[in-house]
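Visitor: Enclosed is the structure file upload-v3.pdb (PDB, C-alpha atoms).
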ATOM      1  CA  MET A  16     -18.044   9.034  12.779
ATOM      2  CA  LEU A  17     -18.909   6.592  10.054
ATOM      3  CA  GLU A  18     -20.564   3.450  11.380
ATOM      4  CA  PHE A  19     -20.532   0.509   9.015
ATOM      5  CA  LYS A  20     -23.435  -1.904   9.290
ATOM      6  CA  LEU A  21     -22.311  -5.267   8.052
ATOM      7  CA  LEU A  22     -25.497  -7.062   7.033
ATOM      8  CA  PHE A  23     -24.215 -10.122   5.232
ATOM      9  CA  LEU A  24     -21.273 -11.669   3.477
ATOM     10  CA  PHE A  25     -22.223 -14.114   0.734
ATOM     11  CA  LEU A  26     -19.734 -16.466  -0.874
ATOM     12  CA  VAL A  27     -20.554 -17.233  -4.494
ATOM     13  CA  PHE A  28     -17.536 -19.497  -4.935
ATOM     14  CA  SER A  29     -15.735 -20.786  -1.871
ATOM     15  CA  LEU A  30     -12.075 -20.095  -1.164
ATOM     16  CA  TYR A  31     -11.951 -22.722   1.555
ATOM     17  CA  GLY A  32     -14.116 -25.556   0.371
ATOM     18  CA  ASN A  33     -17.354 -25.295   2.360
ATOM     19  CA  SER A  34     -16.141 -22.642   4.807
ATOM     20  CA  GLN A  35     -17.279 -19.058   4.335
ATOM     21  CA  PRO A  36     -14.937 -16.247   5.397
ATOM     22  CA  LYS A  37     -16.616 -13.279   7.030
ATOM     23  CA  LEU A  38     -15.737  -9.722   7.903
ATOM     24  CA  VAL A  39     -15.564  -8.986  11.616
ATOM     25  CA  ALA A  40     -15.737  -5.383  12.833
ATOM     26  CA  LEU A  41     -12.750  -4.454  14.984
ATOM     27  CA  ASN A  42     -14.487  -1.366  16.429
ATOM     28  CA  GLU A  43     -11.421   0.739  15.735
ATOM     29  CA  ASN A  44     -12.759   3.854  14.064
ATOM     30  CA  TYR A  45     -10.995   7.119  13.341
ATOM     31  CA  THR A  46     -11.945  10.601  12.271
ATOM     32  CA  LEU A  47      -9.527  11.918   9.665
ATOM     33  CA  GLU A  48      -8.826  15.600   9.269
ATOM     34  CA  LYS A  49      -8.351  16.915   5.744
ATOM     35  CA  GLY A  50      -5.003  16.012   4.224
ATOM     36  CA  LEU A  51      -4.155  13.371   6.831
ATOM     37  CA  ASN A  52      -2.625  10.260   5.219
ATOM     38  CA  TRP A  53      -2.435   6.867   6.887
ATOM     39  CA  ILE A  54      -1.040   3.343   6.595
ATOM     40  CA  PRO A  55      -1.063   0.333   8.973
ATOM     41  CA  ASP A  56       2.267  -0.860  10.326
ATOM     42  CA  ALA A  57       3.387  -4.468  10.685
ATOM     43  CA  THR A  58       1.709  -4.845  14.104
ATOM     44  CA  GLY A  59      -1.698  -3.457  13.152
ATOM     45  CA  ASN A  60      -1.202   0.025  14.556
ATOM     46  CA  ILE A  61      -2.043   2.830  12.159
ATOM     47  CA  LEU A  62       0.527   5.445  11.215
ATOM     48  CA  PHE A  63      -0.826   8.853  10.247
ATOM     49  CA  TYR A  64       1.180  11.596   8.590
ATOM     50  CA  LYS A  65       0.720  15.109   7.281
ATOM     51  CA  ALA A  66       3.396  17.569   6.166
ATOM     52  CA  ASN A  67       6.332  16.589   8.433
ATOM     53  CA  ASN A  68       4.227  15.362  11.360
ATOM     54  CA  LEU A  69       3.751  11.680  12.260
ATOM     55  CA  PHE A  70       1.195  10.069  14.545
ATOM     56  CA  LYS A  71       0.712   6.504  15.750
ATOM     57  CA  ALA A  72      -2.688   5.161  16.783
ATOM     58  CA  GLN A  73      -3.554   2.030  18.772
ATOM     59  CA  LYS A  74      -6.996   0.497  19.394
ATOM     60  CA  GLY A  75      -8.930   3.392  17.975
ATOM     61  CA  GLN A  76      -7.134   6.083  19.949
ATOM     62  CA  LEU A  77      -5.462   8.963  18.112
ATOM     63  CA  PRO A  78      -2.739   9.848  18.782
ATOM     64  CA  THR A  79      -0.785   7.611  21.150
ATOM     65  CA  PHE A  80       2.558   8.851  19.877
ATOM     66  CA  THR A  81       3.525  11.878  17.811
ATOM     67  CA  GLN A  82       6.697  13.158  16.220
ATOM     68  CA  SER A  83       7.677  16.071  14.012
ATOM     69  CA  ILE A  84      10.722  15.690  11.776
ATOM     70  CA  ARG A  85      11.378  19.026  10.119
ATOM     71  CA  SER A  86      14.668  18.002   8.547
ATOM     72  CA  THR A  87      12.972  15.585   6.141
ATOM     73  CA  GLY A  88      10.717  18.137   4.518
ATOM     74  CA  GLU A  89       7.182  17.131   3.616
ATOM     75  CA  ILE A  90       6.470  13.403   3.938
ATOM     76  CA  THR A  91       5.403  11.825   0.659
ATOM     77  CA  GLN A  92       5.116   8.219   1.890
ATOM     78  CA  LEU A  93       5.567   6.146   5.023
ATOM     79  CA  LEU A  94       6.553   2.554   4.215
ATOM     80  CA  PRO A  95       6.456   0.208   7.226
ATOM     81  CA  ILE A  96       8.852  -2.738   7.053
ATOM     82  CA  ASN A  97       8.444  -4.293  10.509
ATOM     83  CA  ALA A  98       7.582  -3.252  14.061
ATOM     84  CA  PHE A  99      10.940  -1.531  14.472
ATOM     85  CA  LYS A 100      11.638  -0.052  11.044
ATOM     86  CA  THR A 101       9.718   2.310   8.763
ATOM     87  CA  ILE A 102      10.991   4.033   5.633
ATOM     88  CA  LEU A 103      10.078   7.698   5.190
ATOM     89  CA  PHE A 104      10.184   8.966   1.611
ATOM     90  CA  SER A 105      10.306  12.702   1.033
ATOM     91  CA  GLY A 106       9.681  13.729  -2.545
ATOM     92  CA  ASP A 107      10.639  17.369  -2.071
ATOM     93  CA  GLN A 108      13.955  16.440  -0.413
ATOM     94  CA  GLN A 109      14.447  13.350  -2.639
ATOM     95  CA  GLN A 110      15.472  11.340   0.425
ATOM     96  CA  LEU A 111      14.814   8.053   2.179
ATOM     97  CA  CYS A 112      15.004   8.095   5.972
ATOM     98  CA  ILE A 113      14.970   4.951   8.127
ATOM     99  CA  LEU A 114      12.884   5.458  11.281
ATOM    100  CA  ASP A 115      12.734   3.282  14.394
ATOM    101  CA  ASN A 116       9.570   2.472  16.367
ATOM    102  CA  THR A 117       9.656   5.932  18.007
ATOM    103  CA  PHE A 118       9.900   7.642  14.601
ATOM    104  CA  SER A 119      13.493   8.634  15.360
ATOM    105  CA  PRO A 120      15.868   8.603  12.350
ATOM    106  CA  ASN A 121      18.272   5.659  12.364
ATOM    107  CA  GLY A 122      21.420   7.214  10.939
ATOM    108  CA  ASP A 123      21.617   9.763   8.160
ATOM    109  CA  CYS A 124      18.934  10.007   5.517
ATOM    110  CA  ILE A 125      19.807   8.633   2.063
ATOM    111  CA  ASP A 126      20.023  11.066  -0.847
ATOM    112  CA  LEU A 127      18.458   9.479  -3.914
ATOM    113  CA  GLU A 128      20.784  11.401  -6.195
ATOM    114  CA  ASP A 129      23.450   8.954  -4.995
ATOM    115  CA  PHE A 130      21.606   6.387  -7.151
ATOM    116  CA  GLU A 131      21.364   8.856 -10.058
ATOM    117  CA  VAL A 132      17.648   9.270  -9.357
ATOM    118  CA  GLN A 133      16.550  12.672 -10.610
ATOM    119  CA  ASN A 134      12.856  12.916  -9.720
ATOM    120  CA  ALA A 135      11.574  10.066  -7.565
ATOM    121  CA  LYS A 136       7.782  10.062  -7.351
ATOM    122  CA  LEU A 137       6.815   6.839  -5.538
ATOM    123  CA  CYS A 138       8.406   3.986  -3.606
ATOM    124  CA  ALA A 139       7.344   0.523  -2.475
ATOM    125  CA  VAL A 140       8.997  -1.841  -0.026
ATOM    126  CA  SER A 141       9.905  -5.414  -0.884
ATOM    127  CA  ALA A 142       9.426  -8.533   1.205
ATOM    128  CA  ARG A 143      13.167  -9.029   0.752
ATOM    129  CA  PRO A 144      15.146  -7.321   3.539
ATOM    130  CA  ASN A 145      16.808  -4.002   2.714
ATOM    131  CA  LEU A 146      15.268  -3.622  -0.758
ATOM    132  CA  ILE A 147      12.976  -0.867  -1.974
ATOM    133  CA  TYR A 148      11.450  -0.041  -5.372
ATOM    134  CA  ILE A 149      11.683   3.524  -6.664
ATOM    135  CA  PHE A 150       9.932   5.098  -9.645
ATOM    136  CA  ASP A 151      11.900   7.982 -11.136
ATOM    137  CA  GLU A 152       9.665  10.168 -13.307
ATOM    138  CA  PHE A 153      12.688  11.334 -15.265
ATOM    139  CA  ASN A 154      12.829   8.977 -18.233
ATOM    140  CA  SER A 155      10.199   6.792 -16.430
ATOM    141  CA  THR A 156      12.749   4.572 -14.713
ATOM    142  CA  LEU A 157      12.057   1.781 -12.210
ATOM    143  CA  LEU A 158      14.815   0.894  -9.759
ATOM    144  CA  LEU A 159      15.334  -1.785  -7.133
ATOM    145  CA  VAL A 160      17.653  -0.344  -4.492
ATOM    146  CA  ASP A 161      19.439  -1.864  -1.502
ATOM    147  CA  PHE A 162      19.111   0.908   1.093
ATOM    148  CA  ILE A 163      21.575  -0.746   3.509
ATOM    149  CA  GLU A 164      24.409  -1.488   1.064
ATOM    150  CA  LEU A 165      23.486   1.691  -0.857
ATOM    151  CA  LYS A 166      23.519   0.214  -4.335
ATOM    152  CA  VAL A 167      21.136  -0.261  -7.246
ATOM    153  CA  ARG A 168      20.344  -3.954  -7.669
ATOM    154  CA  GLN A 169      18.311  -3.613 -10.856
ATOM    155  CA  SER A 170      16.764  -0.926 -13.026
ATOM    156  CA  VAL A 171      14.519  -0.561 -16.064
ATOM    157  CA  LEU A 172      15.056   2.561 -18.151
ATOM    158  CA  ASN A 173      12.223   4.254 -20.023
ATOM    159  CA  VAL A 174       9.324   2.004 -19.083
ATOM    160  CA  ALA A 175       7.009   4.217 -21.158
ATOM    161  CA  ALA A 176       8.951   3.323 -24.300
ATOM    162  CA  LEU A 177       8.944  -0.331 -23.251
ATOM    163  CA  ILE A 178       5.134  -0.465 -23.119
ATOM    164  CA  GLY A 179       4.617   1.984 -25.988
ATOM    165  CA  ARG A 180       2.420   4.539 -24.236
ATOM    166  CA  GLU A 181       2.450   7.361 -21.707
ATOM    167  CA  LEU A 182       3.151   6.306 -18.141
ATOM    168  CA  ASN A 183       1.930   8.206 -15.077
ATOM    169  CA  ILE A 184       2.275   5.883 -12.110
ATOM    170  CA  ILE A 185       0.025   6.464  -9.091
ATOM    171  CA  GLU A 186       0.803   3.355  -7.020
ATOM    172  CA  LEU A 187       3.441   0.635  -6.629
ATOM    173  CA  LYS A 188       2.992  -2.519  -4.593
ATOM    174  CA  GLU A 189       4.839  -5.825  -4.295
ATOM    175  CA  HIS A 190       2.694  -8.919  -3.815
ATOM    176  CA  ASN A 191       3.685 -12.583  -4.044
ATOM    177  CA  ASN A 192       7.157 -11.706  -5.368
ATOM    178  CA  LYS A 193       5.765  -9.521  -8.144
ATOM    179  CA  LEU A 194       5.698  -5.751  -8.501
ATOM    180  CA  PHE A 195       2.369  -4.285  -9.580
ATOM    181  CA  VAL A 196       2.431  -0.825 -11.160
ATOM    182  CA  LEU A 197      -0.835   1.137 -11.368
ATOM    183  CA  ASN A 198      -1.125   3.825 -14.044
ATOM    184  CA  THR A 199      -3.595   6.741 -14.073
ATOM    185  CA  ASP A 200      -5.621   5.066 -16.838
ATOM    186  CA  GLY A 201      -6.269   2.110 -14.492
ATOM    187  CA  SER A 202      -3.954  -0.283 -16.305
ATOM    188  CA  VAL A 203      -1.669  -2.446 -14.161
ATOM    189  CA  LEU A 204       1.775  -3.579 -15.290
ATOM    190  CA  VAL A 205       3.290  -6.660 -13.668
ATOM    191  CA  PHE A 206       7.039  -7.119 -13.138
ATOM    192  CA  ASP A 207       8.819 -10.033 -11.510
ATOM    193  CA  MET A 208      11.077  -9.565  -8.491
ATOM    194  CA  PHE A 209      14.010  -8.720 -10.789
ATOM    195  CA  LEU A 210      12.023  -6.049 -12.687
ATOM    196  CA  ASN A 211      11.461  -8.122 -15.796
ATOM    197  CA  LEU A 212       8.159  -7.075 -17.380
ATOM    198  CA  LYS A 213       5.781 -10.059 -17.304
ATOM    199  CA  GLY A 214       2.688  -8.427 -18.768
ATOM    200  CA  GLN A 215      -0.424  -6.489 -17.831
ATOM    201  CA  LEU A 216      -3.538  -7.411 -15.866
ATOM    202  CA  ASN A 217      -6.628  -7.911 -18.018
ATOM    203  CA  THR A 218      -8.625  -5.481 -15.885
ATOM    204  CA  THR A 219      -8.450  -1.840 -14.868
ATOM    205  CA  LEU A 220      -8.245  -0.773 -11.218
ATOM    206  CA  ASN A 221      -8.342   2.408  -9.172
ATOM    207  CA  ALA A 222      -6.236   1.004  -6.319
ATOM    208  CA  LEU A 223      -3.943  -1.949  -5.637
ATOM    209  CA  ASN A 224      -5.505  -4.150  -2.960
ATOM    210  CA  PHE A 225      -4.605  -7.823  -2.577
ATOM    211  CA  TRP A 226      -5.770 -10.611  -0.317
ATOM    212  CA  ASN A 227      -3.952 -13.933  -0.673
ATOM    213  CA  ASP A 228      -4.065 -14.703  -4.417
ATOM    214  CA  TYR A 229      -6.830 -12.230  -5.198
ATOM    215  CA  ILE A 230      -7.290  -8.635  -6.246
ATOM    216  CA  VAL A 231      -9.915  -6.932  -4.100
ATOM    217  CA  GLU A 232     -12.178  -4.177  -5.426
ATOM    218  CA  LEU A 233     -14.938  -2.167  -3.786
ATOM    219  CA  LYS A 234     -17.784  -1.692  -6.240
ATOM    220  CA  GLY A 235     -20.700   0.125  -4.677
ATOM    221  CA  ASN A 236     -21.781  -2.088  -1.792
ATOM    222  CA  GLU A 237     -19.929  -5.133  -3.093
ATOM    223  CA  LEU A 238     -16.469  -6.443  -2.390
ATOM    224  CA  GLN A 239     -15.234  -8.280  -5.450
ATOM    225  CA  PHE A 240     -12.383 -10.774  -5.270
ATOM    226  CA  SER A 241     -10.759 -11.548  -8.622
ATOM    227  CA  SER A 242      -8.225 -14.347  -8.831
ATOM    228  CA  LEU A 243      -4.798 -13.497 -10.148
ATOM    229  CA  ASN A 244      -5.127 -16.886 -11.887
ATOM    230  CA  ASN A 245      -8.146 -15.601 -13.864
ATOM    231  CA  SER A 246     -10.937 -17.376 -11.975
ATOM    232  CA  LYS A 247     -13.393 -15.030 -10.254
ATOM    233  CA  ILE A 248     -14.856 -14.978  -6.781
ATOM    234  CA  SER A 249     -17.403 -12.426  -5.648
ATOM    235  CA  TYR A 250     -18.337 -11.446  -2.110
ATOM    236  CA  THR A 251     -21.263  -9.163  -1.430
ATOM    237  CA  ILE A 252     -21.120  -6.872   1.551
ATOM    238  CA  LYS A 253     -23.617  -4.232   2.645
ATOM    239  CA  CYS A 254     -22.118  -1.113   4.161
ATOM    240  CA  GLU A 255     -22.921   2.584   4.372
ATOM    241  CA  GLU A 256     -21.562   4.499   1.399
ATOM    242  CA  ALA A 257     -17.954   3.344   1.652
ATOM    243  CA  SER A 258     -16.063   5.099  -1.120
ATOM    244  CA  ALA A 259     -12.546   3.755  -0.578
ATOM    245  CA  LEU A 260     -10.974   0.487   0.484
ATOM    246  CA  SER A 261      -7.466  -0.430   1.602
ATOM    247  CA  VAL A 262      -6.448  -4.028   2.323
ATOM    248  CA  HIS A 263      -3.422  -5.011   4.398
ATOM    249  CA  GLY A 264      -3.132  -8.717   5.139
ATOM    250  CA  ASN A 265      -6.484  -9.790   6.628
ATOM    251  CA  SER A 266      -7.348  -6.235   7.685
ATOM    252  CA  PHE A 267      -9.854  -4.281   5.575
ATOM    253  CA  TYR A 268     -10.111  -0.508   5.986
ATOM    254  CA  PHE A 269     -13.165   1.356   4.678
ATOM    255  CA  SER A 270     -13.243   5.147   4.480
ATOM    256  CA  GLU A 271     -15.812   7.781   3.626
ATOM    257  CA  ASN A 272     -16.086  11.512   4.283
ATOM    258  CA  GLY A 273     -13.188  11.729   6.722
ATOM    259  CA  ALA A 274     -13.960   8.545   8.660
ATOM    260  CA  LEU A 275     -12.026   5.274   8.752
ATOM    261  CA  SER A 276     -13.405   1.946  10.013
ATOM    262  CA  THR A 277     -11.581  -1.362  10.323
ATOM    263  CA  PHE A 278     -12.630  -4.957   9.733
ATOM    264  CA  GLU A 279     -10.835  -8.295   9.663
ATOM    265  CA  LEU A 280     -11.539 -11.110   7.227
ATOM    266  CA  LYS A 281     -11.684 -14.421   9.059
ATOM    267  CA  SER A 282     -12.464 -17.945   7.927
ATOM    268  CA  GLN A 283     -15.136 -19.758   9.902
TER     269      GLN A 283
END
Let me see the structure of the file written as structure tokens.

Guide:
Amino acid sequence: MLEFKLLFLFLVFSLYGNSQPKLVALNENYTLEKGLNWIPDATGNILFYKANNLFKAQKGQLPTFTQSIRSTGEITQLLPINAFKTILFSGDQQQLCILDNTFSPNGDCIDLEDFEVQNAKLCAVSARPNLIYIFDEFNSTLLLVDFIELKVRQSVLNVAALIGRELNIIELKEHNNKLFVLNTDGSVLVFDMFLNLKGQLNTTLNALNFWNDYIVELKGNELQFSSLNNSKISYTIKCEEASALSVHGNSFYFSENGALSTFELKSQ
């Protein structure tokens, strides 16, 4: 089990005037077997998945609930929407399945070929109800789909041609009504909520992590907060060899060598 030792959190520039936010350990630590993927849900529980098996963990205990859904094929992504609804995306079946809070399918799964999607690679949920983003590797197409009314709301064909270079997307994430698209070269494209291309971030990243109006990066033993408005804020945090970071709301998840530890960022 990886035990993080939080020694100090230093604010170079303050987000809250004279107050200094700090990371508080939640003492919810998990050991991750090889190939086990995870994502927090809307209530702070962690959803784990591997192949076609799903697990739910609460307060550091794994598992508290399990489910196996063979009909979906291998799970590519779990995309929590709220406490009662999670989208399951299966790349090999090219389907979206809506799951309830017991991981039971809510109705029939949705075949992406109904939207003329030929090879969906990644999805991302929107803050707007019933909408989901889909990246179709065929002709590098981005789509915004209503999965309740079963219609395409917007699409952008051949994004690679639009930006004039090869596109190999590894992550999609909506934040503050914008869609951020991370490419393998670390570049990040920014689209508005209607899939109009607005530009590109002036930095390269290896993951999309956001906190309020800031991009968050883990660089060695330092958490670096970079303003989306181009000002820069840097926090320094000492921890034991954390190699990966995932931020969801105020919750910060550090992982290393099959261990996952959780912290919460709180203002004093």

Visitor: Once the PyMOL selection byres ((chain A and resi 261-277) around 8) is applied to the coordinates I shared, what remains selected? I want it as a PyMOL selection string.

Guide: chain A and resi 16-19+40-49+55+224-227+231+256-260+278-281

Visitor: Apply the PyMOL selection byres ((chain A and resi 103) around 7) to the displayed file and report the matching residues as a list in words.

Guide: Ile90, Gln92, Leu93, Leu94, Thr101, Ile102, Phe104, Ser105, Leu111, Cys112 and Ile113 of chain A

Visitor: Run the PyMOL selection byres ((chain A and resi 210) around 8) mentally over the shown coordinates, then write out the matched residues as a PDB file with C-alpha atoms, in the coordinates of the input, using the chain letters and numbers from the document.

Guide:
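The result, stored in result.pdb:
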ATOM      1  CA  LEU A 157      12.057   1.781 -12.210  1.00  0.00           C
ATOM      2  CA  LEU A 159      15.334  -1.785  -7.133  1.00  0.00           C
ATOM      3  CA  GLN A 169      18.311  -3.613 -10.856  1.00  0.00           C
ATOM      4  CA  SER A 170      16.764  -0.926 -13.026  1.00  0.00           C
ATOM      5  CA  VAL A 171      14.519  -0.561 -16.064  1.00  0.00           C
ATOM      6  CA  LEU A 194       5.698  -5.751  -8.501  1.00  0.00           C
ATOM      7  CA  PHE A 206       7.039  -7.119 -13.138  1.00  0.00           C
ATOM      8  CA  ASP A 207       8.819 -10.033 -11.510  1.00  0.00           C
ATOM      9  CA  MET A 208      11.077  -9.565  -8.491  1.00  0.00           C
ATOM     10  CA  PHE A 209      14.010  -8.720 -10.789  1.00  0.00           C
ATOM     11  CA  ASN A 211      11.461  -8.122 -15.796  1.00  0.00           C
ATOM     12  CA  LEU A 212       8.159  -7.075 -17.380  1.00  0.00           C
TER      13      LEU A 212
END

Visitor: Skipping near chain neighbours, those fewer than 3 positions away, what residues fall within 12 Å of Gln109 in chain A using all atoms listed in the file, listed as a PyMOL selection string?

Guide: chain A and resi 87-92+103-106+112+124-138+149-151

Visitor: Would you save the residues from that selection as an mmCIF file, keeping the file's coordinate frame, using C-alpha atoms?

Guide:
data_model
loop_
_atom_site.group_PDB
_atom_site.id
_atom_site.type_symbol
_atom_site.label_atom_id
_atom_site.label_comp_id
_atom_site.auth_asym_id
_atom_site.auth_seq_id
_atom_site.Cartn_x
_atom_site.Cartn_y
_atom_site.Cartn_z
ATOM 1 C CA THR A 87 12.972 15.585 6.141
ATOM 2 C CA GLY A 88 10.717 18.137 4.518
ATOM 3 C CA GLU A 89 7.182 17.131 3.616
ATOM 4 C CA ILE A 90 6.470 13.403 3.938
ATOM 5 C CA THR A 91 5.403 11.825 0.659
ATOM 6 C CA GLN A 92 5.116 8.219 1.890
ATOM 7 C CA LEU A 103 10.078 7.698 5.190
ATOM 8 C CA PHE A 104 10.184 8.966 1.611
ATOM 9 C CA SER A 105 10.306 12.702 1.033
ATOM 10 C CA GLY A 106 9.681 13.729 -2.545
ATOM 11 C CA CYS A 112 15.004 8.095 5.972
ATOM 12 C CA CYS A 124 18.934 10.007 5.517
ATOM 13 C CA ILE A 125 19.807 8.633 2.063
ATOM 14 C CA ASP A 126 20.023 11.066 -0.847
ATOM 15 C CA LEU A 127 18.458 9.479 -3.914
ATOM 16 C CA GLU A 128 20.784 11.401 -6.195
ATOM 17 C CA ASP A 129 23.450 8.954 -4.995
ATOM 18 C CA PHE A 130 21.606 6.387 -7.151
ATOM 19 C CA GLU A 131 21.364 8.856 -10.058
ATOM 20 C CA VAL A 132 17.648 9.270 -9.357
ATOM 21 C CA GLN A 133 16.550 12.672 -10.610
ATOM 22 C CA ASN A 134 12.856 12.916 -9.720
ATOM 23 C CA ALA A 135 11.574 10.066 -7.565
ATOM 24 C CA LYS A 136 7.782 10.062 -7.351
ATOM 25 C CA LEU A 137 6.815 6.839 -5.538
ATOM 26 C CA CYS A 138 8.406 3.986 -3.606
ATOM 27 C CA ILE A 149 11.683 3.524 -6.664
ATOM 28 C CA PHE A 150 9.932 5.098 -9.645
ATOM 29 C CA ASP A 151 11.900 7.982 -11.136
#

Visitor: Between CA of Leu204 in chain A and CA of Tyr229 in chain A, what is the distance in Å, rounded to a tenth?

Guide: 15.8 Å

Visitor: Nearest to Phe153 in chain A among A:Val174, A:Leu223, A:Ala57, A:Leu114, with distances taken over all atoms listed in the file: which residue is it?

Guide: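 Comparing A:Val174, A:Leu223, A:Ala57, A:Leu114 against Phe153 in chain A, the winner is A:Val174.
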
Visitor: Can you tell me how far CA of Arg180 in chain A sits from CA of Gln108 in chain A, in Å to one decimal?

Guide: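 If I compute the distance from CA of Arg180 in chain A to CA of Gln108 in chain A, I get 29.0 Å.
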
Visitor: Choose the residue, out of A:Leu238, A:Ala139, A:Leu172, A:Ile96, that has the smallest atom-to-atom separation from Asn154 in chain A; count all atoms listed in the file.

Guide: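 Among A:Leu238, A:Ala139, A:Leu172, A:Ile96, it is A:Leu172 that comes nearest to Asn154 in chain A.
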
Visitor: Hey, which of A:Ile54, A:Ile147, A:Ala66, A:Val196 ends up closest to Lys166 in chain A? Count all atoms listed in the file.

Guide: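 Between A:Ile54, A:Ile147, A:Ala66, A:Val196, the residue approaching Lys166 in chain A most closely is A:Ile147.
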
Visitor: Find the distance between CA of Leu197 in chain A and CA of Phe240 in chain A and write it in Å to one decimal.

Guide: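 These atoms are spaced 17.7 Å apart.
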
Visitor: Between A:Leu158, A:Ile184, A:Gly122, A:Leu38, which has the minimum distance to Thr199 in chain A (counting only C-alpha atoms)?

Guide: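 Checking each candidate against Thr199 in chain A, we get A:Ile184 as the closest.
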
Visitor: Could you give me, as a list in words, the residues within 6 Å of Asn60 in chain A, counting all atoms listed in the file and dropping anything in the same chain fewer than 2 positions from it?

Guide: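 Surrounding residues, per the criterion: Pro55, Asp56, Thr58, Ala72 and Gln73 of chain A.
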
Visitor: Around (6.5, -4.3, -4.5), as given in the file, which residues come within 7 Å? Count all atoms listed in the file and list them as a list in words.

Guide: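 Returned residue set, sorted by chain then number, is Ala139, Val140, Ser141, Tyr148, Leu187, Lys188, Glu189, His190, Lys193, Leu194 and Phe195 of chain A.
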
Visitor: For Ile230 in chain A, which residue among A:Gln215, A:Leu69, A:Ser242, A:Asp123 is the nearest when counting all atoms listed in the file?

Guide: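 The shortest atom-to-atom distance to Ile230 in chain A comes from A:Ser242.
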